[in-house]
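Since the structure comes first, as structure tokens, the remarks are kept for the end.
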Amino acid sequence: MNIYDIIFYLFGAITIVSAFFVVTTRNIIYSAFYLLFTFFGVAGLYVLLGADFVAIVQLIVYVGGILILLLFGVMLTNKITNVNIKTGTIQIIPAAIAVVAFMYLLITTLLNTAWKTTNNTVDLPSTQKLGVLLITQYAVVFELLGIVLLIALIGAASMARK
Amino acid sequence: MTHVGLSQFLVISSILFCLGIFGIVTRKNAVMVLMGIELILNSANINFIAFARFGNFGFQGQLIALFVIVLAAAEAAIALAIVLNIYKTFSNINVDEIDNLRD
């Protein structure tokens with residue numbers, strides 16, 4: 001049990017516990033703030049996997065963009081004077097049973113599978129390799145993603161102000 | 001206790017996936033359903049990056065994770081615009097009460 005394992009279990013516990021509160025808390029604002037900790041935990045797991053650039057992008061895009069967008073959605077779809085913003089829940093018991101059964105199936109399957117792993121060395125920083133891949137092998141995908149993002153944001157803006 | 005390898009990351013990501021599904025099927029509020037979708041996308045990203053680290057794929061897994069993050073941003077923007085329009089039409093965003101396709 002070295003320092004890597006301790007940090008892994010710390011970030012994994014942060015991720016799982018806050019994700020559990022995201023899906024069980026009744027107050028939507030609290031859920032959004034627990035989602036912040038989930039994203040931080042996942043970014044920590046990315047760093048442990050040697051993906052430093054993806055971790056930073058996760059923090060910038062998810063925490064800085066998507067979470068703020070979700071909070072805007074919560075604020076604009078409830079009466080602001082209504083202090084307790086609650087969400088109703090339906091069918092908790094069957095959903096919990098089905099989800100736990102599915103989780104058991106997934107975890108037993110992946111623990112009993114002999115994954116073919118290679119013990120790669122992590123070469124940091126990953127930024128240069130990712131940049132070279134983006135402008136050589138994945139150049140078309142990169143340009144298409146830019147177009148998709150542009151069209152999606154223009155469409156979202158024009159739909160929201162109608 | 002064994003050292004942390006591929007399986008531990010996969011266990012974390014499958015737990016996150018199941019929690020996301022639980023959030024999607026039990027919550028009434030449409031914004032909460034979106035939060036469940038974000039949890040699921042994050043768990044898929046953990047899988048991509050874990051296999052990029054422990055498998056023999058180089059940096060392509062990390063690149064796909066970046067693409068997933070970009071698509072998640074586009075999806076969140078579009079979905080929130082739709083949710084705002086639903087709120088203007090029906091005055092609530094409970095997904096079990098909205099069952100009209102036209103007024």
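Lettering and numbering for the structure tokens are positional, with chains as A, B, ... in the shown order, residues counted from 1 in each chain, and ligands counted from 1 in the shown order.
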
*Please, which residues of chain B lie no more than 7 Å from chain A when the count uses only C-alpha atoms, and can they be set out as a PyMOL selection string?*
chain B and resi 1+3-4+7+11-12+14-16+18-19+22-23+25-29+31+49-50+53-56+59+62-63+66+73-74+76-78+80-81+84-85+87

_Let's see if you can do this: from backbone DSSP, list all alpha helix (DSSP H) residues in chain B, as an MDAnalysis selection string._
chainID B and resid 6:26 30:54 60:90

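Taking CA of Val95 (chain B) as the reference point, CA of Leu39 (chain B) is found at 18.8 Å.
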
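What separates CA of Asn42 (chain B) from CA of Ala72 (chain B) is a distance of 9.5 Å.
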
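The spacing separating CA of Asp96 (chain B) from CA of Ile29 (chain A) amounts to 20.7 Å.
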
*Of the residues B:Asn47, B:Leu71, B:Ile98, B:Gly20, which is the one nearest to Met35 (chain B), using only C-alpha atoms?*
B:Gly20
